[in-house]
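Student: So I've got this file, start_18.tsv, and it contains TSV, C-alpha atoms and all ligand atoms:
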```
chain	number	residue	atom	x	y	z
I	575	MET	CA	0.00	0.00	0.00
I	576	ASN	CA	1.49	3.38	-0.88
I	577	GLY	CA	1.82	6.27	1.54
I	578	GLY	CA	-0.82	8.35	-0.22
I	579	GLY	CA	-3.32	5.60	0.34
I	580	LEU	CA	-2.56	5.36	4.03
I	581	ALA	CA	-2.94	9.09	4.40
I	582	ARG	CA	-6.11	8.94	2.46
I	583	LEU	CA	-7.45	6.20	4.65
I	584	SER	CA	-6.56	8.06	7.82
I	585	VAL	CA	-8.48	11.05	6.60
I	586	ALA	CA	-11.36	8.77	5.74
I	587	GLY	CA	-11.06	7.46	9.27
I	588	ASP	CA	-12.32	10.75	10.67
I	589	SER	CA	-15.56	10.45	8.85
I	590	ALA	CA	-15.54	6.73	9.55
I	591	THR	CA	-15.29	7.39	13.27
I	592	ALA	CA	-18.23	9.66	12.95
I	593	ALA	CA	-19.89	6.80	11.14
I	594	SER	CA	-19.99	4.79	14.36
I	595	ASN	CA	-23.03	6.91	15.01
I	596	HIS	CA	-24.00	6.41	11.42
I	597	ARG	CA	-27.73	6.33	11.92
I	598	THR	CA	-27.70	10.05	12.61
I	599	GLU	CA	-24.54	11.06	10.79
I	600	THR	CA	-25.25	9.41	7.47
I	601	VAL	CA	-28.76	10.69	7.31
I	602	GLY	CA	-27.48	14.14	8.28
I	603	ASN	CA	-24.89	14.22	5.51
I	604	HIS	CA	-27.31	13.24	2.83
I	605	THR	CA	-30.15	15.55	3.74
I	606	VAL	CA	-28.19	18.53	2.50
I	607	LYS	CA	-27.64	16.95	-0.87
I	608	ARG	CA	-30.91	15.30	-1.73
I	609	SER	CA	-34.38	16.23	-2.79
I	610	LEU	CA	-37.17	16.11	-0.23
I	611	LEU	CA	-38.60	12.95	-1.80
I	612	GLY	CA	-35.15	11.37	-1.83
I	613	CYS	CA	-34.74	12.23	1.82
I	614	LEU	CA	-38.08	10.75	2.75
I	615	LEU	CA	-37.28	7.51	0.91
I	616	MET	CA	-33.90	7.33	2.53
I	617	LEU	CA	-35.20	8.03	6.01
I	618	THR	CA	-37.83	5.32	5.63
I	619	ALA	CA	-35.22	2.82	4.51
I	620	ALA	CA	-32.80	3.77	7.25
I	621	ALA	CA	-35.48	3.63	9.93
I	622	SER	CA	-36.59	0.16	8.84
I	623	VAL	CA	-33.23	-1.32	9.76
I	624	THR	CA	-31.79	-1.73	13.18
I	625	ALA	CA	-28.09	-2.25	12.79
I	626	GLN	CA	-26.88	-5.39	14.53
I	627	GLU	CA	-23.47	-3.95	15.17
I	628	THR	CA	-21.82	-0.76	14.09
I	629	ALA	CA	-19.42	-0.82	11.17
I	630	VAL	CA	-15.76	-0.96	12.20
I	631	PRO	CA	-13.87	2.07	10.85
I	632	ASN	CA	-10.41	2.22	9.20
I	633	VAL	CA	-10.43	-1.38	7.95
I	634	VAL	CA	-8.26	-2.24	4.94
I	635	LEU	CA	-8.86	-6.00	4.82
I	636	GLY	CA	-11.78	-8.07	6.09
I	637	ILE	CA	-12.12	-11.84	5.79
I	638	HIS	CA	-14.57	-14.61	6.65
I	639	GLY	CA	-14.33	-18.34	6.98
I	640	GLY	CA	-18.05	-19.04	6.75
I	641	ALA	CA	-21.09	-18.74	8.99
I	642	GLY	CA	-19.93	-21.96	10.61
I	643	LEU	CA	-21.45	-24.17	13.25
I	644	PRO	CA	-23.89	-23.40	16.04
I	645	LYS	CA	-21.85	-22.44	19.11
I	646	LYS	CA	-22.76	-25.57	21.08
I	647	GLU	CA	-21.13	-27.73	18.39
I	648	MET	CA	-17.84	-25.80	18.47
I	649	THR	CA	-14.91	-27.66	20.04
I	650	PRO	CA	-11.81	-26.03	21.56
I	651	GLU	CA	-9.67	-27.84	18.99
I	652	LEU	CA	-11.65	-26.59	16.00
I	653	GLU	CA	-11.78	-23.09	17.46
I	654	LYS	CA	-8.01	-23.07	17.75
I	655	HIS	CA	-7.52	-24.17	14.13
I	656	LEU	CA	-10.00	-21.59	12.86
I	657	ARG	CA	-8.40	-18.75	14.79
I	658	VAL	CA	-4.89	-19.69	13.65
I	659	GLY	CA	-6.06	-19.87	10.02
I	660	LEU	CA	-7.92	-16.56	10.11
I	661	GLU	CA	-4.99	-14.80	11.79
I	662	ARG	CA	-2.58	-16.13	9.20
I	663	ALA	CA	-4.81	-15.04	6.33
I	664	LEU	CA	-5.09	-11.55	7.81
I	665	LYS	CA	-1.36	-11.27	8.38
I	666	GLU	CA	-0.40	-12.41	4.87
I	667	GLY	CA	-3.19	-10.45	3.22
I	668	TYR	CA	-2.15	-7.28	5.04
I	669	ALA	CA	1.51	-7.85	4.09
I	670	ALA	CA	0.47	-8.27	0.44
I	671	LEU	CA	-1.47	-5.01	0.59
I	672	GLN	CA	1.59	-3.16	1.86
I	673	LYS	CA	3.89	-4.13	-1.00
I	674	PRO	CA	4.74	-1.31	-3.41
I	675	ASN	CA	1.97	-0.79	-6.00
I	676	ALA	CA	-0.16	-3.50	-4.42
I	677	THR	CA	-3.86	-3.41	-5.20
I	678	SER	CA	-6.85	-4.55	-3.20
I	679	LEU	CA	-6.96	-7.61	-5.49
I	680	ASP	CA	-3.56	-8.69	-4.11
I	681	GLY	CA	-4.82	-8.48	-0.53
I	682	VAL	CA	-7.98	-10.44	-1.37
I	683	GLU	CA	-6.26	-13.12	-3.42
I	684	THR	CA	-3.47	-13.65	-0.86
I	685	ALA	CA	-5.82	-13.95	2.12
I	686	ILE	CA	-8.09	-16.37	0.27
I	687	ARG	CA	-5.19	-18.54	-0.92
I	688	ILE	CA	-4.10	-19.01	2.70
I	689	LEU	CA	-7.60	-20.17	3.63
I	690	GLU	CA	-7.82	-22.41	0.55
I	691	ASP	CA	-4.61	-24.16	1.61
I	692	ASP	CA	-5.86	-24.59	5.18
I	693	PRO	CA	-7.77	-27.90	5.62
I	694	TRP	CA	-10.01	-26.46	8.35
I	695	PHE	CA	-11.95	-24.28	5.93
I	696	ASN	CA	-14.37	-25.32	3.21
I	697	ALA	CA	-12.37	-24.07	0.22
I	698	GLY	CA	-9.47	-25.60	-1.67
I	699	ARG	CA	-7.99	-28.37	0.50
I	700	GLY	CA	-10.63	-29.29	3.06
I	701	ALA	CA	-13.57	-28.65	0.74
I	702	VAL	CA	-16.82	-30.49	1.40
I	703	PHE	CA	-17.88	-33.46	-0.74
I	704	THR	CA	-20.64	-33.79	-3.29
I	705	HIS	CA	-23.30	-36.47	-2.79
I	706	ASP	CA	-21.25	-38.82	-4.96
I	707	GLY	CA	-18.01	-38.19	-3.06
I	708	ARG	CA	-16.15	-35.59	-5.14
I	709	ASN	CA	-14.73	-32.14	-4.29
I	710	GLU	CA	-16.05	-29.57	-6.77
I	711	LEU	CA	-14.79	-26.04	-6.13
I	712	ASP	CA	-16.17	-22.59	-6.98
I	713	ALA	CA	-14.54	-19.14	-6.68
I	714	SER	CA	-14.89	-15.59	-7.90
I	715	ILE	CA	-13.15	-12.23	-7.62
I	716	MET	CA	-14.18	-8.67	-8.56
I	717	GLU	CA	-12.62	-5.23	-8.48
I	718	GLY	CA	-14.59	-2.07	-7.86
I	719	ARG	CA	-12.96	0.50	-10.15
I	720	LEU	CA	-13.84	-0.90	-13.58
I	721	LYS	CA	-16.10	-3.65	-12.20
I	722	LYS	CA	-14.01	-6.37	-13.81
I	723	ALA	CA	-14.67	-9.88	-12.56
I	724	GLY	CA	-13.57	-13.49	-12.97
I	725	ALA	CA	-14.87	-16.84	-11.75
I	726	VAL	CA	-14.39	-20.59	-11.98
I	727	ALA	CA	-16.97	-23.19	-11.05
I	728	GLY	CA	-17.15	-26.95	-10.59
I	729	VAL	CA	-13.37	-27.40	-10.77
I	730	THR	CA	-11.62	-30.45	-9.32
I	731	THR	CA	-7.90	-30.06	-10.06
I	732	ILE	CA	-7.00	-26.37	-9.57
I	733	LYS	CA	-5.11	-25.99	-6.28
I	734	ASN	CA	-6.13	-22.35	-5.75
I	735	PRO	CA	-9.44	-21.56	-7.45
I	736	ILE	CA	-9.25	-17.89	-6.41
I	737	THR	CA	-6.06	-17.47	-8.45
I	738	ALA	CA	-7.78	-19.12	-11.40
I	739	ALA	CA	-10.72	-16.72	-10.99
I	740	ARG	CA	-8.31	-13.80	-11.08
I	741	ALA	CA	-6.61	-15.24	-14.16
I	742	VAL	CA	-10.00	-15.53	-15.90
I	743	MET	CA	-10.58	-11.86	-15.12
I	744	GLU	CA	-7.16	-10.67	-16.20
I	745	ARG	CA	-6.30	-12.99	-19.09
I	746	THR	CA	-9.57	-13.81	-20.89
I	747	LYS	CA	-12.47	-11.86	-22.32
I	748	HIS	CA	-14.89	-13.87	-20.20
I	749	VAL	CA	-16.16	-13.72	-16.63
I	750	MET	CA	-16.77	-17.38	-15.77
I	751	LEU	CA	-15.22	-20.67	-16.89
I	752	ILE	CA	-16.51	-23.98	-15.60
I	753	SER	CA	-15.28	-27.53	-14.97
I	754	ARG	CA	-13.03	-29.00	-17.67
I	755	GLY	CA	-12.69	-25.76	-19.65
I	756	ALA	CA	-11.59	-23.89	-16.53
I	757	GLU	CA	-9.12	-26.65	-15.67
I	758	VAL	CA	-7.53	-26.66	-19.14
I	759	PHE	CA	-7.32	-22.87	-19.01
I	760	ALA	CA	-5.68	-22.93	-15.56
I	761	LYS	CA	-3.11	-25.50	-16.68
I	762	ASP	CA	-2.28	-23.49	-19.82
I	763	ALA	CA	-1.99	-20.36	-17.68
I	764	GLY	CA	0.68	-22.09	-15.60
I	765	LEU	CA	-1.37	-22.36	-12.40
I	766	GLU	CA	-0.76	-25.20	-9.96
I	767	ILE	CA	-2.73	-28.34	-10.85
I	768	VAL	CA	-3.22	-31.17	-8.33
I	769	ASP	CA	-4.73	-34.62	-8.23
I	770	PRO	CA	-8.38	-34.40	-7.06
I	771	ALA	CA	-7.36	-36.48	-4.00
I	772	TYR	CA	-5.39	-33.45	-2.72
I	773	PHE	CA	-8.64	-31.79	-1.59
I	774	ARG	CA	-9.83	-34.76	0.47
I	775	THR	CA	-9.80	-34.57	4.28
I	776	GLU	CA	-11.09	-37.17	6.71
I	777	GLN	CA	-13.31	-34.73	8.61
I	778	ARG	CA	-15.19	-33.73	5.46
I	779	TRP	CA	-15.51	-37.35	4.32
I	780	LYS	CA	-16.99	-38.28	7.69
I	781	GLN	CA	-19.36	-35.30	7.46
I	782	LEU	CA	-20.67	-36.62	4.13
I	783	GLN	CA	-21.04	-40.18	5.49
I	784	ASP	CA	-23.05	-38.82	8.46
I	785	GLN	CA	-25.31	-36.89	6.12
I	786	LEU	CA	-25.85	-39.87	3.83
I	787	ARG	CA	-26.71	-42.07	6.82
I	788	GLU	CA	-29.14	-39.48	8.17
I	789	GLU	CA	-30.78	-39.25	4.76
I	790	ARG	CA	-31.11	-43.03	4.49
I	791	GLU	CA	-32.63	-43.24	7.98
I	792	ALA	CA	-35.14	-40.51	7.20
I	793	TYR	CA	-36.06	-42.23	3.93
I	794	ASP	CA	-36.51	-45.65	5.62
I	795	LYS	CA	-38.67	-44.07	8.30
I	796	LYS	CA	-40.82	-42.44	5.67
I	797	LYS	CA	-41.25	-45.76	3.87
I	798	ARG	CA	-42.05	-47.59	7.10
I	799	GLU	CA	-44.40	-45.07	8.67
I	800	GLY	CA	-45.60	-43.14	5.64
I	801	ALA	CA	-44.56	-39.99	7.52
I	802	ALA	CA	-43.60	-36.88	5.65
I	803	LEU	CA	-39.85	-36.45	5.25
I	804	ALA	CA	-38.74	-34.42	8.25
I	805	PRO	CA	-36.15	-31.73	7.54
I	806	LEU	CA	-32.68	-33.01	8.42
I	807	ALA	CA	-31.09	-31.54	11.53
I	808	ARG	CA	-28.54	-29.33	9.80
I	809	PRO	CA	-27.89	-30.53	6.32
I	810	TYR	CA	-24.83	-28.37	5.86
I	811	GLU	CA	-22.10	-26.43	7.55
I	812	LEU	CA	-21.51	-22.94	6.24
I	813	SER	CA	-17.80	-22.51	5.90
I	814	THR	CA	-16.95	-20.84	2.62
I	815	VAL	CA	-14.11	-18.31	2.73
I	816	GLY	CA	-14.01	-14.74	1.46
I	817	ALA	CA	-12.23	-11.40	1.63
I	818	VAL	CA	-12.82	-7.72	0.94
I	819	ALA	CA	-10.10	-5.06	0.74
I	820	VAL	CA	-9.43	-1.44	-0.08
I	821	ASP	CA	-6.03	-0.29	-1.35
I	822	GLY	CA	-4.03	2.91	-1.18
I	823	ALA	CA	-5.76	4.30	-4.24
I	824	GLY	CA	-9.16	3.74	-2.62
I	825	ASN	CA	-10.08	0.86	-4.93
I	826	LEU	CA	-12.16	-2.01	-3.59
I	827	ALA	CA	-12.00	-5.74	-4.31
I	828	ALA	CA	-13.92	-8.78	-3.11
I	829	GLY	CA	-13.43	-12.53	-3.51
I	830	THR	CA	-15.06	-15.76	-2.38
I	831	SER	CA	-13.97	-19.41	-2.60
I	832	THR	CA	-15.77	-22.58	-1.57
I	833	GLY	CA	-16.32	-26.30	-1.85
I	834	GLY	CA	-20.04	-25.46	-1.81
I	835	MET	CA	-22.53	-27.29	0.35
I	836	SER	CA	-21.77	-30.76	1.66
I	837	ASN	CA	-23.82	-33.52	-0.02
I	838	LYS	CA	-24.68	-31.23	-2.93
I	839	GLN	CA	-25.68	-32.83	-6.20
I	840	TYR	CA	-22.70	-33.16	-8.58
I	841	GLY	CA	-22.67	-30.28	-11.00
I	842	ARG	CA	-24.45	-27.99	-8.52
I	843	ILE	CA	-23.05	-24.45	-8.58
I	844	GLY	CA	-23.66	-22.18	-5.58
I	845	ASP	CA	-23.58	-18.44	-5.12
I	846	SER	CA	-19.83	-18.08	-4.47
I	847	PRO	CA	-18.74	-17.90	-8.13
I	848	VAL	CA	-21.80	-15.89	-9.18
I	849	ILE	CA	-21.10	-12.18	-9.43
I	850	GLY	CA	-23.88	-10.25	-7.70
I	851	ALA	CA	-24.81	-13.26	-5.53
I	852	GLY	CA	-21.77	-14.33	-3.46
I	853	THR	CA	-19.31	-11.64	-4.56
I	854	TYR	CA	-19.55	-8.04	-5.70
I	855	ALA	CA	-17.43	-4.88	-5.74
I	856	ASP	CA	-18.15	-1.36	-6.87
I	857	ASN	CA	-16.18	1.69	-5.76
I	858	LYS	CA	-19.47	3.62	-5.73
I	859	SER	CA	-20.73	1.52	-2.81
I	860	CYS	CA	-18.84	-1.43	-1.34
I	861	ALA	CA	-17.09	-4.77	-1.74
I	862	VAL	CA	-19.06	-7.80	-0.53
I	863	SER	CA	-18.33	-11.48	0.09
I	864	CYS	CA	-21.04	-13.85	1.29
I	865	THR	CA	-21.46	-17.25	2.89
I	866	GLY	CA	-24.64	-19.21	3.39
I	867	HIS	CA	-27.25	-21.31	1.69
I	868	GLY	CA	-26.23	-20.47	-1.87
I	869	GLU	CA	-29.56	-20.98	-3.61
I	870	PHE	CA	-31.05	-18.13	-1.55
I	871	PHE	CA	-28.06	-15.89	-2.20
I	872	ILE	CA	-28.45	-16.42	-5.95
I	873	ARG	CA	-32.23	-15.87	-5.94
I	874	TYR	CA	-31.94	-12.72	-3.84
I	875	ALA	CA	-28.81	-11.40	-5.64
I	876	VAL	CA	-27.52	-10.71	-2.16
I	877	SER	CA	-24.15	-9.02	-2.69
I	878	HIS	CA	-25.51	-6.80	-5.46
I	879	ASP	CA	-28.54	-5.94	-3.35
I	880	ILE	CA	-26.32	-4.76	-0.49
I	881	ALA	CA	-24.30	-2.56	-2.85
I	882	VAL	CA	-27.27	-0.94	-4.56
I	883	LEU	CA	-29.03	-0.18	-1.28
I	884	MET	CA	-26.04	2.03	-0.58
I	885	GLU	CA	-25.94	3.49	-4.07
I	886	TYR	CA	-29.65	4.12	-4.64
I	887	LYS	CA	-30.91	4.67	-1.12
I	888	GLY	CA	-27.91	6.11	0.65
I	889	LEU	CA	-27.77	3.47	3.38
I	890	SER	CA	-24.51	3.00	5.26
I	891	VAL	CA	-22.62	-0.24	4.63
I	892	GLN	CA	-23.84	-1.72	7.93
I	893	GLN	CA	-27.44	-0.72	7.33
I	894	ALA	CA	-27.40	-2.15	3.81
I	895	ALA	CA	-25.84	-5.45	4.90
I	896	ASP	CA	-28.30	-5.82	7.80
I	897	GLU	CA	-31.28	-4.94	5.63
I	898	VAL	CA	-30.48	-7.77	3.23
I	899	ILE	CA	-29.01	-10.43	5.54
I	900	ARG	CA	-30.96	-9.92	8.74
I	901	LYS	CA	-34.28	-8.86	7.25
I	902	LYS	CA	-34.94	-9.91	3.66
I	903	LEU	CA	-32.94	-13.12	3.62
I	904	LYS	CA	-33.97	-14.17	7.09
I	905	ALA	CA	-37.65	-13.66	6.27
I	906	ALA	CA	-37.15	-15.85	3.19
I	907	GLY	CA	-35.52	-18.62	5.26
I	908	GLY	CA	-32.03	-18.13	3.82
I	909	GLU	CA	-29.31	-18.75	6.38
I	910	GLY	CA	-26.05	-16.92	5.98
I	911	ALA	CA	-23.86	-13.87	6.30
I	912	ALA	CA	-21.96	-11.18	4.44
I	913	ILE	CA	-18.91	-9.04	5.05
I	914	ALA	CA	-18.88	-5.67	3.30
I	915	LEU	CA	-16.37	-2.82	3.10
I	916	ASP	CA	-16.93	0.68	1.76
I	917	PRO	CA	-14.16	2.74	0.10
I	918	LYS	CA	-13.64	4.75	3.30
I	919	GLY	CA	-12.77	1.61	5.24
I	920	ASN	CA	-16.06	1.07	7.10
I	921	PHE	CA	-16.42	-2.67	7.58
I	922	ALA	CA	-19.76	-4.43	8.23
I	923	MET	CA	-20.18	-8.06	9.33
I	924	SER	CA	-23.81	-9.08	9.17
I	925	HIS	CA	-25.15	-12.57	9.90
I	926	ASN	CA	-28.49	-14.19	10.59
I	927	THR	CA	-26.70	-17.28	11.89
I	928	GLU	CA	-25.28	-17.71	15.38
I	929	GLY	CA	-21.73	-17.43	14.18
I	930	LEU	CA	-19.61	-15.90	11.50
I	931	TYR	CA	-15.93	-16.84	11.48
I	932	ARG	CA	-14.34	-13.53	10.60
I	933	GLY	CA	-11.55	-11.06	11.06
I	934	PHE	CA	-10.28	-7.70	9.94
I	935	VAL	CA	-7.13	-5.55	9.91
I	936	THR	CA	-7.21	-1.81	10.38
I	937	VAL	CA	-4.95	0.60	8.54
I	938	ASP	CA	-2.44	0.57	11.43
I	939	GLY	CA	-2.09	-3.23	11.19
I	940	LYS	CA	-4.20	-4.14	14.23
I	941	MET	CA	-5.94	-7.50	13.74
I	942	THR	CA	-9.17	-8.80	15.23
I	943	VAL	CA	-10.64	-12.30	14.88
I	944	MET	CA	-14.16	-13.26	15.99
I	945	LEU	CA	-16.21	-16.44	15.67
I	946	TYR	CA	-19.47	-15.61	17.44
I	947	GLU	CA	-21.17	-12.48	18.67
I	948	LYS	CA	-18.78	-11.75	21.52
L	1	LIG	N1	-22.48	-20.32	-0.12
L	1	LIG	C1	-21.87	-21.61	-0.30
L	1	LIG	C2	-22.63	-22.35	-1.36
L	1	LIG	O1	-23.84	-22.34	-1.34
L	1	LIG	C3	-21.85	-22.42	0.96
L	1	LIG	C4	-21.29	-21.76	2.19
L	1	LIG	O2	-21.22	-20.55	2.27
L	1	LIG	O3	-20.89	-22.49	3.11
L	1	LIG	O4	-22.04	-23.01	-2.15
```
Can you present the structure in this file as structure tokens?
Tutor:
Amino acid sequence: MNGGGLARLSVAGDSATAASNHRTETVGNHTVKRSLLGCLLMLTAAASVTAQETAVPNVVLGIHGGAGLPKKEMTPELEKHLRVGLERALKEGYAALQKPNATSLDGVETAIRILEDDPWFNAGRGAVFTHDGRNELDASIMEGRLKKAGAVAGVTTIKNPITAARAVMERTKHVMLISRGAEVFAKDAGLEIVDPAYFRTEQRWKQLQDQLREEREAYDKKKREGAALAPLARPYELSTVGAVAVDGAGNLAAGTSTGGMSNKQYGRIGDSPVIGAGTYADNKSCAVSCTGHGEFFIRYAVSHDIAVLMEYKGLSVQQAADEVIRKKLKAAGGEGAAIALDPKGNFAMSHNTEGLYRGFVTVDGKMTVMLYEK
């Protein structure tokens, strides 16, 4: 990150600090600029949302490792692994952002690669299994200045799907490549290719076997008793990874990478590689990365919805994220979360689940990692 950017972010920090009281401040700032009708619309929208938390100011990099498990299922061992992984991703991502001429894309890609290589997260190595026992990976990346984007989906041999997504963005005229085509492209582009067995971990395999057994038991019960199929306890664990960053030039980027949802049908693509669903970035509003039940995030165009609530209605990043995640999506039955960062460094973490494995670094290098509310 260059010096100008740091200075710029510190200046932004003043308004960002004021943004901790954003419900009054934001509305106040906009009333001077907007028409009466605009103000009324904005006030209505702002009043309809109660922010869960206040946005954290002066953030340059925010990450998540999924909405995770209910707290009572968390073990001290898993918690330790998750914290170590998140801290490492923050440290490396921040270091990448500080290199000369680094962009927000470098911070996002670096942080996500660390989490993809870490077997405790559902992305890259450690990805969940499909119903038929394969690891099929999805990832996407987007930058907020020119709104360029890249994605890969359903890939089984690319070690770091986020790097492949970036290569699609930077080296092709397309936005998304899938399965075999994406794999051939990645190989030709010189990216690291691995045997599909590289992604396999015992804990994910066991998770699939448990789900398959539960499904069989529910099916047998239905056959025996003619009862309606009861919903399975928790058919999935939400543990996709993602990152959002702002660089010294004030440009935003967002990225998301995942193995998808455990026990998914082969060929199923979730929200993570879909621009506007799991990932979005626009310097006019914010950078967003999501985790959750992907079908809902696609249908509700969640990351795009958060961004345009800021752009069209003047909501703060926290208000916009809460409006979509905690109100709209929750009412629809879609479990999940989003992290979102505006160009001034205000960072929102909104979830309608008990947890959200997450962390952020502020401009001065201070890191914070959180798994649940407190
Ligand atoms: N959103 C991912 C998907 O549906 C899953 C997750 O976030 O855990 O593929």
Student: Grab me every residue within 8 Å of ligand LIG 1 (chain L), counting all atoms listed in the file, and send it over as a list in words.
Tutor: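 The distance check yields Gly640, Ala641, Gly642, Asn696, Asp712, Tyr810, Glu811, Leu812, Ser813, Thr814, Val815, Thr832, Gly833, Gly834, Met835, Ile843, Gly844, Asp845, Ser846, Gly852, Cys864, Thr865, Gly866, His867, Gly868, Glu869, Phe871 and Gly910 of chain I.
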Student: With C-alpha atoms kept, could you save the residues just selected as a short mmCIF file (atom, residue, chain, number, x, y, z; two decimals), in the coordinates of the input?
Tutor:
```
data_model
loop_
_atom_site.label_atom_id
_atom_site.label_comp_id
_atom_site.auth_asym_id
_atom_site.auth_seq_id
_atom_site.Cartn_x
_atom_site.Cartn_y
_atom_site.Cartn_z
CA GLY I 640 -18.05 -19.04 6.75
CA ALA I 641 -21.09 -18.74 8.99
CA GLY I 642 -19.93 -21.96 10.61
CA ASN I 696 -14.37 -25.32 3.21
CA ASP I 712 -16.17 -22.59 -6.98
CA TYR I 810 -24.83 -28.37 5.86
CA GLU I 811 -22.10 -26.43 7.55
CA LEU I 812 -21.51 -22.94 6.24
CA SER I 813 -17.80 -22.51 5.90
CA THR I 814 -16.95 -20.84 2.62
CA VAL I 815 -14.11 -18.31 2.73
CA THR I 832 -15.77 -22.58 -1.57
CA GLY I 833 -16.32 -26.30 -1.85
CA GLY I 834 -20.04 -25.46 -1.81
CA MET I 835 -22.53 -27.29 0.35
CA ILE I 843 -23.05 -24.45 -8.58
CA GLY I 844 -23.66 -22.18 -5.58
CA ASP I 845 -23.58 -18.44 -5.12
CA SER I 846 -19.83 -18.08 -4.47
CA GLY I 852 -21.77 -14.33 -3.46
CA CYS I 864 -21.04 -13.85 1.29
CA THR I 865 -21.46 -17.25 2.89
CA GLY I 866 -24.64 -19.21 3.39
CA HIS I 867 -27.25 -21.31 1.69
CA GLY I 868 -26.23 -20.47 -1.87
CA GLU I 869 -29.56 -20.98 -3.61
CA PHE I 871 -28.06 -15.89 -2.20
CA GLY I 910 -26.05 -16.92 5.98
#
```
Student: How many Å separate CA of Ala676 (chain I) from CA of Ala894 (chain I)?
Tutor: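 Separating CA of Ala676 (chain I) from CA of Ala894 (chain I) is a distance of 28.5 Å.
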Student: I'd like the neighbourhood of Ile686 (chain I) as a list of chain:residue names, where a residue qualifies if any of its atoms comes within 9 Å (using only C-alpha atoms), though same-chain residues fewer than 4 positions away should be ignored.
Tutor: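 Residues near the query, excluding close chain neighbours: I:Ile637, I:Ala663, I:Gly667, I:Gly681, I:Val682, I:Glu690, I:Asp691, I:Ala697, I:Asn734, I:Ile736, I:Val815, I:Gly816, I:Ala817, I:Gly829, I:Thr830, I:Ser831.
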Student: Please provide the set of residues having any atom within 9 Å of Tyr668 (chain I), restricted to only C-alpha atoms, with same-chain residues fewer than 6 positions apart removed, written as a ChimeraX atom specification.
Tutor: /I:634-635,681,684-685,935,939
Student: Within 10 Å of Ala771 (chain I), counting all atoms listed in the file, which residues show up once you throw out same-chain ones fewer than 6 positions away? Write them as a CSV table (one decimal) with C-alpha atoms, in the frame of the given file, please.
Tutor:
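See part.csv below for the written result:
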```csv
chain,number,residue,atom,x,y,z
I,699,ARG,CA,-8.0,-28.4,0.5
I,708,ARG,CA,-16.2,-35.6,-5.1
I,709,ASN,CA,-14.7,-32.1,-4.3
I,730,THR,CA,-11.6,-30.4,-9.3
I,731,THR,CA,-7.9,-30.1,-10.1
```
